[in-house]
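Undergrad: Got a structure for you, my_file.cif, holding mmCIF, C-alpha atoms.
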```cif
data_input
loop_
_atom_site.label_atom_id
_atom_site.label_comp_id
_atom_site.auth_asym_id
_atom_site.auth_seq_id
_atom_site.Cartn_x
_atom_site.Cartn_y
_atom_site.Cartn_z
CA MET P 1 216.05 183.51 111.12
CA ALA P 2 217.46 185.44 108.15
CA MET P 3 215.77 183.01 105.76
CA ALA P 4 212.46 183.38 107.59
CA GLN P 5 212.55 187.12 107.03
CA LEU P 6 212.84 186.80 103.23
CA PRO P 7 209.57 187.50 101.37
CA GLN P 8 207.91 184.38 99.94
CA ASP P 9 208.04 185.69 96.37
CA LEU P 10 211.80 186.25 96.68
CA ILE P 11 212.29 182.69 97.97
CA GLU P 12 210.30 181.38 94.97
CA GLU P 13 212.38 183.49 92.60
CA ILE P 14 215.65 182.13 93.97
CA LEU P 15 214.50 178.51 94.06
CA SER P 16 213.10 178.63 90.52
CA TRP P 17 216.62 178.99 89.10
CA LEU P 18 217.97 175.87 90.82
CA PRO P 19 218.43 172.47 89.13
CA VAL P 20 215.91 169.72 89.81
CA LYS P 21 218.36 167.59 91.80
CA SER P 22 218.88 170.42 94.32
CA LEU P 23 215.15 171.15 94.55
CA MET P 24 214.37 167.53 95.34
CA ARG P 25 216.80 167.71 98.28
CA PHE P 26 215.36 171.05 99.46
CA ARG P 27 211.89 169.54 99.84
CA CYS P 28 213.11 168.43 103.27
CA VAL P 29 213.74 172.01 104.42
CA SER P 30 210.12 172.72 105.35
CA ARG P 31 206.55 171.79 104.54
CA THR P 32 206.17 175.10 102.73
CA TRP P 33 209.06 174.36 100.40
CA ASN P 34 207.89 170.80 99.87
CA SER P 35 204.46 172.09 98.83
CA LEU P 36 205.87 174.90 96.68
CA ILE P 37 208.21 172.76 94.58
CA PHE P 38 205.40 170.75 92.95
CA GLN P 39 202.89 173.58 92.54
CA ALA P 40 201.92 174.02 88.90
CA HIS P 41 203.09 177.63 88.56
CA PHE P 42 206.49 176.82 90.11
CA VAL P 43 206.97 173.74 87.91
CA LYS P 44 206.40 175.87 84.78
CA LEU P 45 208.67 178.67 86.03
CA ASN P 46 211.50 176.26 86.77
CA LEU P 47 211.06 174.60 83.38
CA GLN P 48 211.23 177.96 81.59
CA ARG P 49 214.46 178.81 83.39
CA SER P 50 216.19 175.47 82.92
CA SER P 51 219.09 175.27 80.49
CA ARG P 52 218.12 173.88 77.09
CA ASN P 53 220.15 171.70 74.72
CA THR P 54 222.59 170.56 77.42
CA HIS P 55 221.37 166.95 77.71
CA VAL P 56 220.04 164.17 75.51
CA LEU P 57 218.18 160.98 76.38
CA LEU P 58 219.58 157.90 74.65
CA ARG P 59 217.41 154.85 74.11
CA CYS P 60 219.77 151.93 74.61
CA GLN P 61 219.97 148.21 74.12
CA ILE P 62 221.77 146.51 77.00
CA ASN P 63 223.70 143.50 75.78
CA THR P 64 223.47 140.57 78.20
CA VAL P 65 226.29 138.10 78.81
CA PHE P 66 223.96 135.09 78.93
CA GLU P 67 223.11 133.28 75.71
CA ASP P 68 219.61 132.34 76.89
CA MET P 69 218.65 135.95 77.64
CA ARG P 70 217.65 138.51 75.05
CA ASP P 71 219.07 142.03 75.16
CA LEU P 72 217.31 144.41 77.56
CA PRO P 73 215.99 147.91 76.88
CA GLY P 74 217.38 150.90 78.71
CA ILE P 75 217.42 154.70 78.70
CA ALA P 76 220.33 156.97 79.58
CA PRO P 77 220.00 160.71 80.30
CA CYS P 78 223.40 162.14 79.36
CA SER P 79 225.17 165.47 79.49
CA ILE P 80 226.21 166.48 75.97
CA CYS P 81 229.57 167.74 77.27
CA SER P 82 230.26 164.38 78.89
CA LEU P 83 229.15 162.48 75.79
CA LEU P 84 231.51 164.44 73.58
CA GLU P 85 234.40 163.76 75.98
CA ASN P 86 233.83 160.08 76.72
CA PRO P 87 230.65 158.59 75.20
CA SER P 88 231.04 154.94 76.23
CA SER P 89 231.52 155.53 79.95
CA THR P 90 228.89 158.31 80.01
CA VAL P 91 226.25 155.99 78.53
CA ASP P 92 227.28 153.05 80.75
CA ASN P 93 227.17 155.09 83.97
CA GLY P 94 223.83 156.77 83.21
CA CYS P 95 221.83 153.87 81.79
CA HIS P 96 218.57 152.81 83.49
CA GLN P 97 217.42 149.28 82.69
CA LEU P 98 213.74 148.95 81.75
CA ASP P 99 211.40 146.02 82.13
CA ASN P 100 211.56 144.23 78.76
CA ARG P 101 207.75 144.16 78.59
CA TYR P 102 207.73 147.90 77.91
CA LEU P 103 208.73 149.93 74.90
CA PHE P 104 210.24 153.40 75.23
CA ILE P 105 208.38 155.75 72.90
CA GLY P 106 209.46 159.28 73.63
CA SER P 107 210.44 162.08 75.97
CA TYR P 108 209.40 165.70 76.26
CA ASN P 109 210.02 168.34 78.97
CA GLY P 110 211.52 165.69 81.23
CA LEU P 111 208.61 163.24 80.96
CA VAL P 112 209.28 159.78 79.54
CA TRP P 113 206.56 157.63 77.98
CA LEU P 114 206.55 153.81 78.05
CA ILE P 115 203.97 151.51 76.48
CA ASN P 116 203.27 147.81 76.26
CA LEU P 117 200.89 145.71 74.20
CA VAL P 118 199.02 142.85 75.89
CA ALA P 119 197.15 140.26 73.80
CA ARG P 120 193.92 139.01 75.39
CA GLY P 121 192.23 136.51 73.09
CA GLU P 122 190.70 138.35 70.13
CA PHE P 123 191.53 141.72 71.69
CA SER P 124 194.78 143.63 72.14
CA GLU P 125 195.25 146.10 74.95
CA TYR P 126 197.60 149.09 75.11
CA ARG P 127 198.89 150.27 78.46
CA VAL P 128 200.80 153.50 78.95
CA TRP P 129 203.15 154.61 81.73
CA PHE P 130 204.64 158.06 82.29
CA CYS P 131 207.69 158.73 84.43
CA ASN P 132 210.02 161.56 85.36
CA LEU P 133 213.61 160.33 85.69
CA ALA P 134 214.82 163.41 87.57
CA THR P 135 212.17 163.21 90.31
CA ARG P 136 211.88 159.39 90.12
CA ILE P 137 208.08 159.63 90.04
CA MET P 138 206.18 157.19 87.83
CA SER P 139 202.50 156.78 87.11
CA GLU P 140 200.37 154.44 85.05
CA ASP P 141 198.20 157.27 83.84
CA SER P 142 196.11 156.37 80.87
CA PRO P 143 193.09 154.09 80.68
CA HIS P 144 193.78 150.93 78.70
CA LEU P 145 193.00 151.11 74.98
CA CYS P 146 191.36 147.82 73.96
CA LEU P 147 191.01 147.00 70.24
CA ARG P 148 189.69 143.96 68.37
CA SER P 149 192.72 142.36 66.74
CA CYS P 150 190.90 141.26 63.58
CA ASN P 151 190.12 144.90 62.71
CA TYR P 152 193.62 146.35 63.10
CA LYS P 153 197.23 145.56 62.34
CA LEU P 154 198.45 145.61 65.91
CA TRP P 155 201.96 144.15 65.80
CA TRP P 156 204.58 146.58 67.09
CA TYR P 157 206.16 147.20 63.69
CA GLN P 158 202.76 148.15 62.21
CA VAL P 159 201.84 150.73 64.90
CA LYS P 160 203.27 154.24 65.07
CA CYS P 161 203.40 156.15 68.35
CA GLY P 162 204.15 159.68 69.45
CA PHE P 163 204.29 161.87 72.51
CA GLY P 164 204.44 165.65 72.74
CA TYR P 165 203.33 168.87 74.37
CA ASP P 166 200.49 171.14 73.24
CA ASP P 167 201.52 174.55 74.58
CA ARG P 168 198.22 176.18 73.62
CA SER P 169 196.19 173.95 75.92
CA ASP P 170 199.14 173.25 78.27
CA THR P 171 198.69 169.48 77.99
CA TYR P 172 200.85 166.44 77.20
CA LYS P 173 199.40 164.06 74.64
CA VAL P 174 200.05 160.50 73.50
CA VAL P 175 199.31 159.61 69.86
CA LEU P 176 198.77 156.13 68.39
CA VAL P 177 198.57 155.73 64.60
CA LEU P 178 196.72 152.48 63.85
CA SER P 179 196.11 150.77 60.52
CA ASN P 180 192.46 149.75 60.05
CA ILE P 181 192.41 146.61 57.90
CA LYS P 182 188.78 146.84 56.84
CA SER P 183 188.68 150.50 55.81
CA GLN P 184 192.31 150.68 54.64
CA ASN P 185 192.69 153.88 56.65
CA TRP P 186 194.98 155.26 59.30
CA GLU P 187 193.20 155.99 62.58
CA LEU P 188 194.75 158.38 65.09
CA ARG P 189 193.89 157.87 68.75
CA VAL P 190 194.94 160.49 71.31
CA HIS P 191 195.19 160.36 75.08
CA ARG P 192 195.74 163.56 77.06
CA LEU P 193 197.68 163.30 80.31
CA GLY P 194 195.15 163.42 83.13
CA ASP P 195 192.14 162.28 81.04
CA THR P 196 190.24 159.06 81.66
CA HIS P 197 189.76 158.01 78.03
CA TRP P 198 191.24 157.81 74.54
CA ARG P 199 189.73 159.73 71.64
CA LYS P 200 189.66 158.88 67.93
CA VAL P 201 190.55 162.27 66.48
CA LEU P 202 191.37 161.60 62.85
CA THR P 203 190.87 159.11 60.02
CA CYS P 204 192.76 159.42 56.74
CA PRO P 205 193.48 157.22 53.71
CA ALA P 206 196.35 154.80 54.28
CA PHE P 207 199.86 155.56 53.05
CA PRO P 208 203.25 154.09 54.07
CA ILE P 209 204.81 155.56 57.23
CA LEU P 210 208.44 154.47 57.46
CA GLY P 211 211.40 154.57 59.81
CA GLU P 212 211.29 154.66 63.58
CA LYS P 213 208.08 153.71 65.36
CA CYS P 214 208.47 156.76 67.58
CA GLY P 215 207.39 160.04 66.00
CA GLN P 216 209.58 163.08 66.62
CA PRO P 217 208.03 165.87 68.75
CA VAL P 218 208.76 169.42 67.57
CA SER P 219 206.82 172.66 68.19
CA GLY P 220 203.54 171.05 69.20
CA THR P 221 203.61 168.40 66.45
CA VAL P 222 204.66 164.75 66.07
CA ASN P 223 206.45 163.78 62.85
CA TRP P 224 207.21 160.62 60.84
CA PHE P 225 208.89 159.96 57.48
CA ALA P 226 206.24 158.88 54.96
CA ILE P 227 205.45 158.27 51.31
CA ARG P 228 202.59 160.25 49.80
CA LYS P 229 201.05 157.31 48.01
CA LEU P 230 197.72 155.63 48.73
CA GLY P 231 197.71 152.14 50.23
CA PHE P 232 199.91 150.33 52.73
CA ASP P 233 201.96 148.53 50.06
CA TYR P 234 204.66 150.06 47.89
CA GLU P 235 207.86 149.22 46.00
CA TRP P 236 210.80 151.33 47.12
CA GLU P 237 212.30 151.37 43.62
CA THR P 238 209.25 153.22 42.28
CA VAL P 239 209.17 155.96 44.96
CA THR P 240 210.09 159.45 43.74
CA VAL P 241 211.57 162.42 45.60
CA ASP P 242 208.26 164.27 45.35
CA GLN P 243 206.49 161.37 47.10
CA SER P 244 208.97 161.45 50.00
CA VAL P 245 207.42 163.62 52.72
CA ILE P 246 207.15 164.13 56.46
CA PHE P 247 203.76 163.28 57.96
CA SER P 248 203.23 165.96 60.64
CA TYR P 249 200.39 165.74 63.16
CA ASP P 250 199.40 168.95 64.97
CA LEU P 251 198.59 168.18 68.62
CA ASN P 252 196.49 171.32 69.10
CA LYS P 253 194.52 171.51 65.85
CA GLU P 254 194.27 167.70 65.62
CA THR P 255 195.00 167.86 61.90
CA PHE P 256 197.89 166.68 59.77
CA LYS P 257 199.88 167.98 56.83
CA TYR P 258 202.80 166.90 54.67
CA LEU P 259 206.15 168.69 54.90
CA LEU P 260 208.40 168.56 51.86
CA MET P 261 211.95 167.29 51.78
CA PRO P 262 214.88 169.76 51.50
CA ASN P 263 215.25 171.47 48.12
CA GLY P 264 218.79 170.13 47.76
CA LEU P 265 217.57 166.53 47.76
CA SER P 266 218.08 165.22 44.22
CA GLN P 267 217.06 161.61 44.83
CA VAL P 268 215.04 159.53 47.26
CA PRO P 269 217.07 159.40 50.51
CA ARG P 270 218.62 156.05 51.34
CA GLY P 271 217.88 154.89 54.89
CA PRO P 272 216.16 158.13 55.97
CA GLU P 273 215.93 158.81 59.71
CA LEU P 274 214.10 161.60 61.48
CA GLY P 275 215.32 162.98 64.80
CA VAL P 276 215.60 166.15 66.85
CA LEU P 277 218.86 168.07 67.31
CA LYS P 278 218.94 171.20 69.48
CA GLY P 279 215.16 171.51 69.25
CA CYS P 280 215.11 171.31 65.43
CA LEU P 281 213.69 168.56 63.23
CA CYS P 282 216.58 166.57 61.78
CA LEU P 283 216.75 164.36 58.67
CA SER P 284 219.74 162.08 58.10
CA HIS P 285 220.39 159.76 55.14
CA VAL P 286 222.98 158.31 52.79
CA HIS P 287 223.39 160.22 49.50
CA GLN P 288 224.44 158.49 46.24
CA ARG P 289 226.02 155.65 48.24
CA THR P 290 229.04 157.86 48.99
CA HIS P 291 228.08 160.50 51.57
CA PHE P 292 226.30 160.77 54.91
CA VAL P 293 224.10 163.87 55.01
CA VAL P 294 222.28 165.58 57.89
CA TRP P 295 219.68 168.35 57.44
CA LEU P 296 218.10 170.62 60.05
CA MET P 297 214.77 172.45 59.67
CA ARG P 298 215.82 175.65 61.46
CA GLU P 299 212.26 177.03 61.64
CA PHE P 300 209.70 174.28 61.99
CA GLY P 301 207.07 174.16 59.25
CA VAL P 302 209.02 176.52 57.00
CA GLU P 303 210.24 174.29 54.21
CA ASN P 304 212.86 176.69 52.86
CA SER P 305 214.51 176.74 56.30
CA TRP P 306 216.06 173.30 55.71
CA THR P 307 219.83 173.70 56.20
CA GLN P 308 222.47 171.12 55.39
CA LEU P 309 224.33 170.54 58.66
CA LEU P 310 226.63 167.76 57.49
CA ASN P 311 227.84 166.25 54.23
CA VAL P 312 230.75 163.88 54.81
CA THR P 313 232.10 160.92 52.86
CA LEU P 314 231.42 157.41 54.10
CA GLU P 315 235.09 156.67 53.49
CA LEU P 316 236.13 159.29 56.06
CA LEU P 317 233.59 157.91 58.54
CA GLN P 318 234.96 154.40 57.92
CA ALA P 319 231.46 153.23 56.99
CA PRO P 320 231.69 151.49 53.61
CA LEU P 321 228.68 150.14 51.72
CA PRO P 322 226.66 147.99 51.39
CA CYS P 323 225.78 148.05 55.11
CA VAL P 324 225.64 151.60 56.45
CA ILE P 325 223.69 152.48 59.58
CA LEU P 326 224.70 155.86 60.95
CA LYS P 327 222.87 158.20 63.32
CA PRO P 328 223.67 161.61 64.79
CA LEU P 329 223.41 161.50 68.60
CA CYS P 330 224.27 165.04 69.67
CA ILE P 331 226.00 168.22 68.61
CA SER P 332 228.26 170.68 70.42
CA GLU P 333 227.02 174.11 71.43
CA ASN P 334 228.84 175.85 68.58
CA GLY P 335 227.72 173.24 66.05
CA ASP P 336 231.26 172.31 65.03
CA VAL P 337 231.43 168.84 66.58
CA LEU P 338 228.96 165.99 66.15
CA LEU P 339 228.81 162.61 67.85
CA LEU P 340 227.67 159.86 65.49
CA ALA P 341 226.93 156.19 66.04
CA ASN P 342 228.07 153.57 63.51
CA TYR P 343 226.00 150.44 64.16
CA ILE P 344 227.89 148.18 61.77
CA SER P 345 231.26 148.67 63.48
CA SER P 346 229.67 149.31 66.92
CA LYS P 347 231.55 152.56 67.39
CA PHE P 348 231.00 156.14 68.43
CA ILE P 349 232.46 158.64 65.98
CA LEU P 350 233.37 162.17 67.09
CA TYR P 351 233.50 164.28 63.94
CA ASN P 352 234.89 167.82 63.73
CA LYS P 353 232.84 169.51 61.03
CA LYS P 354 234.94 172.68 60.96
CA ASP P 355 238.17 170.79 60.22
CA ASN P 356 236.50 167.86 58.37
CA ARG P 357 238.28 165.25 60.45
CA ILE P 358 237.56 162.39 62.82
CA VAL P 359 238.64 163.37 66.33
CA TYR P 360 238.33 159.83 67.66
CA THR P 361 236.32 156.61 67.48
CA GLN P 362 235.32 154.61 70.55
CA ASP P 363 233.78 151.16 70.87
CA PHE P 364 230.32 150.64 72.29
CA ASN P 365 230.39 148.79 75.59
CA ASN P 366 227.40 146.79 76.88
CA GLN P 367 224.98 149.67 76.28
CA VAL P 368 224.27 150.29 72.58
CA PRO P 369 222.62 153.68 71.86
CA MET P 370 219.70 153.07 69.49
CA SER P 371 218.26 156.60 69.22
CA SER P 372 218.73 160.08 70.67
CA HIS P 373 216.06 162.42 72.06
CA ASP P 374 216.15 165.99 73.34
CA TYR P 375 216.03 165.91 77.13
CA ILE P 376 215.70 168.38 79.98
CA GLN P 377 215.42 167.73 83.69
CA SER P 378 212.13 169.03 85.05
CA LEU P 379 209.62 168.83 87.90
CA VAL P 380 206.71 168.00 85.56
CA LEU P 381 204.52 165.38 87.21
CA PRO P 382 203.64 162.22 85.24
CA TYR P 383 200.00 162.51 86.24
CA GLY P 384 199.44 166.16 85.36
CA ASN P 385 199.97 169.31 87.41
#
```
Now, as a test, write the supplied structure out as structure tokens.

TA:
Amino acid sequence: MAMAQLPQDLIEEILSWLPVKSLMRFRCVSRTWNSLIFQAHFVKLNLQRSSRNTHVLLRCQINTVFEDMRDLPGIAPCSICSLLENPSSTVDNGCHQLDNRYLFIGSYNGLVWLINLVARGEFSEYRVWFCNLATRIMSEDSPHLCLRSCNYKLWWYQVKCGFGYDDRSDTYKVVLVLSNIKSQNWELRVHRLGDTHWRKVLTCPAFPILGEKCGQPVSGTVNWFAIRKLGFDYEWETVTVDQSVIFSYDLNKETFKYLLMPNGLSQVPRGPELGVLKGCLCLSHVHQRTHFVVWLMREFGVENSWTQLLNVTLELLQAPLPCVILKPLCISENGDVLLLANYISSKFILYNKKDNRIVYTQDFNNQVPMSSHDYIQSLVLPYGN
């Protein structure tokens, strides 16, 4: 009776501060609450009030024990606090196995995007699925994108993908960057969550786009490491620092621009990787074959805001050349402690930046973290609010 006497706006205010897990349970309280929790204005309010930079989503490779089975894909939403305390068990306990027909591409505001490529004779067909891990709601949203294979390079390693949020139009968008063989151009196709079609929004002269297939979403853009040089072909030995750029696609303006590398970069980065740490664009690479370096762009789009977050010797990280594959996975709230993954030794490395020491190393178990993505639990529906 006391609850029934509370004004509706006060009930909404109280509920909007609760975590998603609690809200999903409270849907059973009444039809009114069940209806309220997925209303568009409440979803946005809850998202605005949710804690940021407390979780990451790790894309994993699940090692199978059978020789005749290939490794399976998985994703693991993880608390950063738990990862820093015990990474192996945190990843193992939180990992969701995916159907190996699908490729994880990205996550934003709690939505996860999966895609698969189906060959049908002379045509190839892209299919996209969206899901929300916190609410366990999944939807095959987009219409299939069907392309003639002879006109495009359509193998997975030749296609770049991205997923992000356009806050100006309040829409989630999927981006495919396709290489047109005949015109020697990049073509960008965009699908907006809730639409019934794909649009070709941009054509530009071809240039090499390197690194991860999945572009990194930051501040209404999707970003890839690239070389500002015409043509798909290149020789790495001839690439200069000035040609090393970040290809940044603006989801709202539907235009692109190049972002320059940090000023402190004296040579072409070895094994460059883009990521997102605490909402900032992150660049990691090996420097002069002796150090592992991590940069953060503190204010997106402002090139003089690049800040060197980490510069540590490979010897200290127990990652000697020639084979070095290191990635930052997450960072503590105060920025003093980073969790790294060393893929050659199959170990997590907890590094204390303040004291310049390794706190501990821990072996990967069956789940191998392949990449890290900013993650927040939300009520956002995978078919649009």

Undergrad: Please compute the CA of Arg127 in chain P-CA of Thr196 in chain P distance, one decimal, in Å.

TA: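 Computing the Euclidean distance for CA of Arg127 in chain P and CA of Thr196 in chain P yields 12.7 Å.
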
Undergrad: Might you spell out which residues the PyMOL selection byres ((chain P and resi 52-65) around 7) would select in the displayed file, as a PDB file with C-alpha atoms, in the frame of the given file?

TA:
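Result file follows (selection-v4.pdb):
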```pdb
ATOM      1  CA  SER P  50     216.190 175.470  82.920  1.00  0.00           C
ATOM      2  CA  SER P  51     219.090 175.270  80.490  1.00  0.00           C
ATOM      3  CA  PHE P  66     223.960 135.090  78.930  1.00  0.00           C
ATOM      4  CA  GLU P  67     223.110 133.280  75.710  1.00  0.00           C
ATOM      5  CA  MET P  69     218.650 135.950  77.640  1.00  0.00           C
ATOM      6  CA  ARG P  70     217.650 138.510  75.050  1.00  0.00           C
ATOM      7  CA  ASP P  71     219.070 142.030  75.160  1.00  0.00           C
ATOM      8  CA  LEU P  72     217.310 144.410  77.560  1.00  0.00           C
ATOM      9  CA  PRO P  73     215.990 147.910  76.880  1.00  0.00           C
ATOM     10  CA  GLY P  74     217.380 150.900  78.710  1.00  0.00           C
ATOM     11  CA  ILE P  75     217.420 154.700  78.700  1.00  0.00           C
ATOM     12  CA  ALA P  76     220.330 156.970  79.580  1.00  0.00           C
ATOM     13  CA  PRO P  77     220.000 160.710  80.300  1.00  0.00           C
ATOM     14  CA  CYS P  78     223.400 162.140  79.360  1.00  0.00           C
ATOM     15  CA  SER P  79     225.170 165.470  79.490  1.00  0.00           C
ATOM     16  CA  ILE P  80     226.210 166.480  75.970  1.00  0.00           C
ATOM     17  CA  LYS P 278     218.940 171.200  69.480  1.00  0.00           C
ATOM     18  CA  ASN P 366     227.400 146.790  76.880  1.00  0.00           C
ATOM     19  CA  GLN P 367     224.980 149.670  76.280  1.00  0.00           C
ATOM     20  CA  VAL P 368     224.270 150.290  72.580  1.00  0.00           C
ATOM     21  CA  PRO P 369     222.620 153.680  71.860  1.00  0.00           C
ATOM     22  CA  MET P 370     219.700 153.070  69.490  1.00  0.00           C
ATOM     23  CA  SER P 371     218.260 156.600  69.220  1.00  0.00           C
ATOM     24  CA  SER P 372     218.730 160.080  70.670  1.00  0.00           C
ATOM     25  CA  HIS P 373     216.060 162.420  72.060  1.00  0.00           C
ATOM     26  CA  ASP P 374     216.150 165.990  73.340  1.00  0.00           C
ATOM     27  CA  TYR P 375     216.030 165.910  77.130  1.00  0.00           C
ATOM     28  CA  ILE P 376     215.700 168.380  79.980  1.00  0.00           C
TER      29      ILE P 376
END
```

Undergrad: Which protein, DNA or RNA residues are at most 9 Å from (222.5, 172.9, 56.5) in the file's coordinates when you count all atoms listed in the file, listed as a PDB file with C-alpha atoms, keeping the file's coordinate frame?

TA:
```pdb
ATOM      1  CA  VAL P 294     222.280 165.580  57.890  1.00  0.00           C
ATOM      2  CA  TRP P 295     219.680 168.350  57.440  1.00  0.00           C
ATOM      3  CA  LEU P 296     218.100 170.620  60.050  1.00  0.00           C
ATOM      4  CA  MET P 297     214.770 172.450  59.670  1.00  0.00           C
ATOM      5  CA  ARG P 298     215.820 175.650  61.460  1.00  0.00           C
ATOM      6  CA  SER P 305     214.510 176.740  56.300  1.00  0.00           C
ATOM      7  CA  TRP P 306     216.060 173.300  55.710  1.00  0.00           C
ATOM      8  CA  THR P 307     219.830 173.700  56.200  1.00  0.00           C
ATOM      9  CA  GLN P 308     222.470 171.120  55.390  1.00  0.00           C
ATOM     10  CA  LEU P 309     224.330 170.540  58.660  1.00  0.00           C
ATOM     11  CA  LEU P 310     226.630 167.760  57.490  1.00  0.00           C
ATOM     12  CA  ASN P 311     227.840 166.250  54.230  1.00  0.00           C
TER      13      ASN P 311
END
```

Undergrad: Would you write out, as CSV, a table of all residues in range 76-171 of chain P that have an atom no more than 9 Å from an atom of range 343-362 of chain P, listing for each the closest atom pair and the distance in Å to one decimal, considering only C-alpha atoms and ordering rows by chain and rising residue number?

TA:
```
residue,atom,partner,partner_atom,distance
P:Leu84,CA,P:Leu350,CA,7.1
P:Asn86,CA,P:Gln362,CA,8.4
P:Pro87,CA,P:Phe348,CA,7.2
P:Ser88,CA,P:Gln362,CA,7.1
```

Undergrad: Select from range 165-192 of chain P every residue with an atom at most 10 Å from any atom of range 232-254 of chain P, then for each give the shortest pair of atoms and their distance in Å to one decimal, using all atoms listed in the file, rows by chain and rising number, as JSON lines.

TA:
```
{"residue": "P:Tyr165", "atom": "CA", "partner": "P:Leu251", "partner_atom": "CA", "distance": 7.5}
{"residue": "P:Asp166", "atom": "CA", "partner": "P:Asn252", "partner_atom": "CA", "distance": 5.8}
{"residue": "P:Asp167", "atom": "CA", "partner": "P:Asn252", "partner_atom": "CA", "distance": 8.1}
{"residue": "P:Arg168", "atom": "CA", "partner": "P:Asn252", "partner_atom": "CA", "distance": 6.9}
{"residue": "P:Ser169", "atom": "CA", "partner": "P:Asn252", "partner_atom": "CA", "distance": 7.3}
{"residue": "P:Asp170", "atom": "CA", "partner": "P:Asn252", "partner_atom": "CA", "distance": 9.7}
{"residue": "P:Thr171", "atom": "CA", "partner": "P:Asn252", "partner_atom": "CA", "distance": 9.3}
{"residue": "P:Tyr172", "atom": "CA", "partner": "P:Leu251", "partner_atom": "CA", "distance": 9.0}
{"residue": "P:Lys173", "atom": "CA", "partner": "P:Leu251", "partner_atom": "CA", "distance": 7.3}
{"residue": "P:Val174", "atom": "CA", "partner": "P:Leu251", "partner_atom": "CA", "distance": 9.2}
{"residue": "P:Val175", "atom": "CA", "partner": "P:Leu251", "partner_atom": "CA", "distance": 8.7}
{"residue": "P:Ser179", "atom": "CA", "partner": "P:Phe232", "partner_atom": "CA", "distance": 8.7}
{"residue": "P:Ile181", "atom": "CA", "partner": "P:Phe232", "partner_atom": "CA", "distance": 9.8}
{"residue": "P:Gln184", "atom": "CA", "partner": "P:Phe232", "partner_atom": "CA", "distance": 7.8}
{"residue": "P:Asn185", "atom": "CA", "partner": "P:Phe232", "partner_atom": "CA", "distance": 8.9}
{"residue": "P:Trp186", "atom": "CA", "partner": "P:Phe232", "partner_atom": "CA", "distance": 9.6}
{"residue": "P:Leu188", "atom": "CA", "partner": "P:Glu254", "partner_atom": "CA", "distance": 9.3}
{"residue": "P:Val190", "atom": "CA", "partner": "P:Leu251", "partner_atom": "CA", "distance": 8.9}
```

Undergrad: Counting all atoms listed in the file, which of P:Gln318, P:Phe225, P:Val201, P:Ser107 gets nearest to Pro272 in chain P?

TA: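 Smallest distance to Pro272 in chain P is found for P:Phe225.
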
Undergrad: With distances taken over all atoms listed in the file, which residue among P:Asn342, P:Val177, P:Gly301, P:Val312 lies nearest Leu281 in chain P?

TA: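 Ranking P:Asn342, P:Val177, P:Gly301, P:Val312 by distance to Leu281 in chain P, first place goes to P:Gly301.
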
Undergrad: To one decimal place in Å, what is the distance between CA of Gln288 in chain P and CA of Pro328 in chain P?

TA: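 CA of Pro328 in chain P lies 18.8 Å from CA of Gln288 in chain P.
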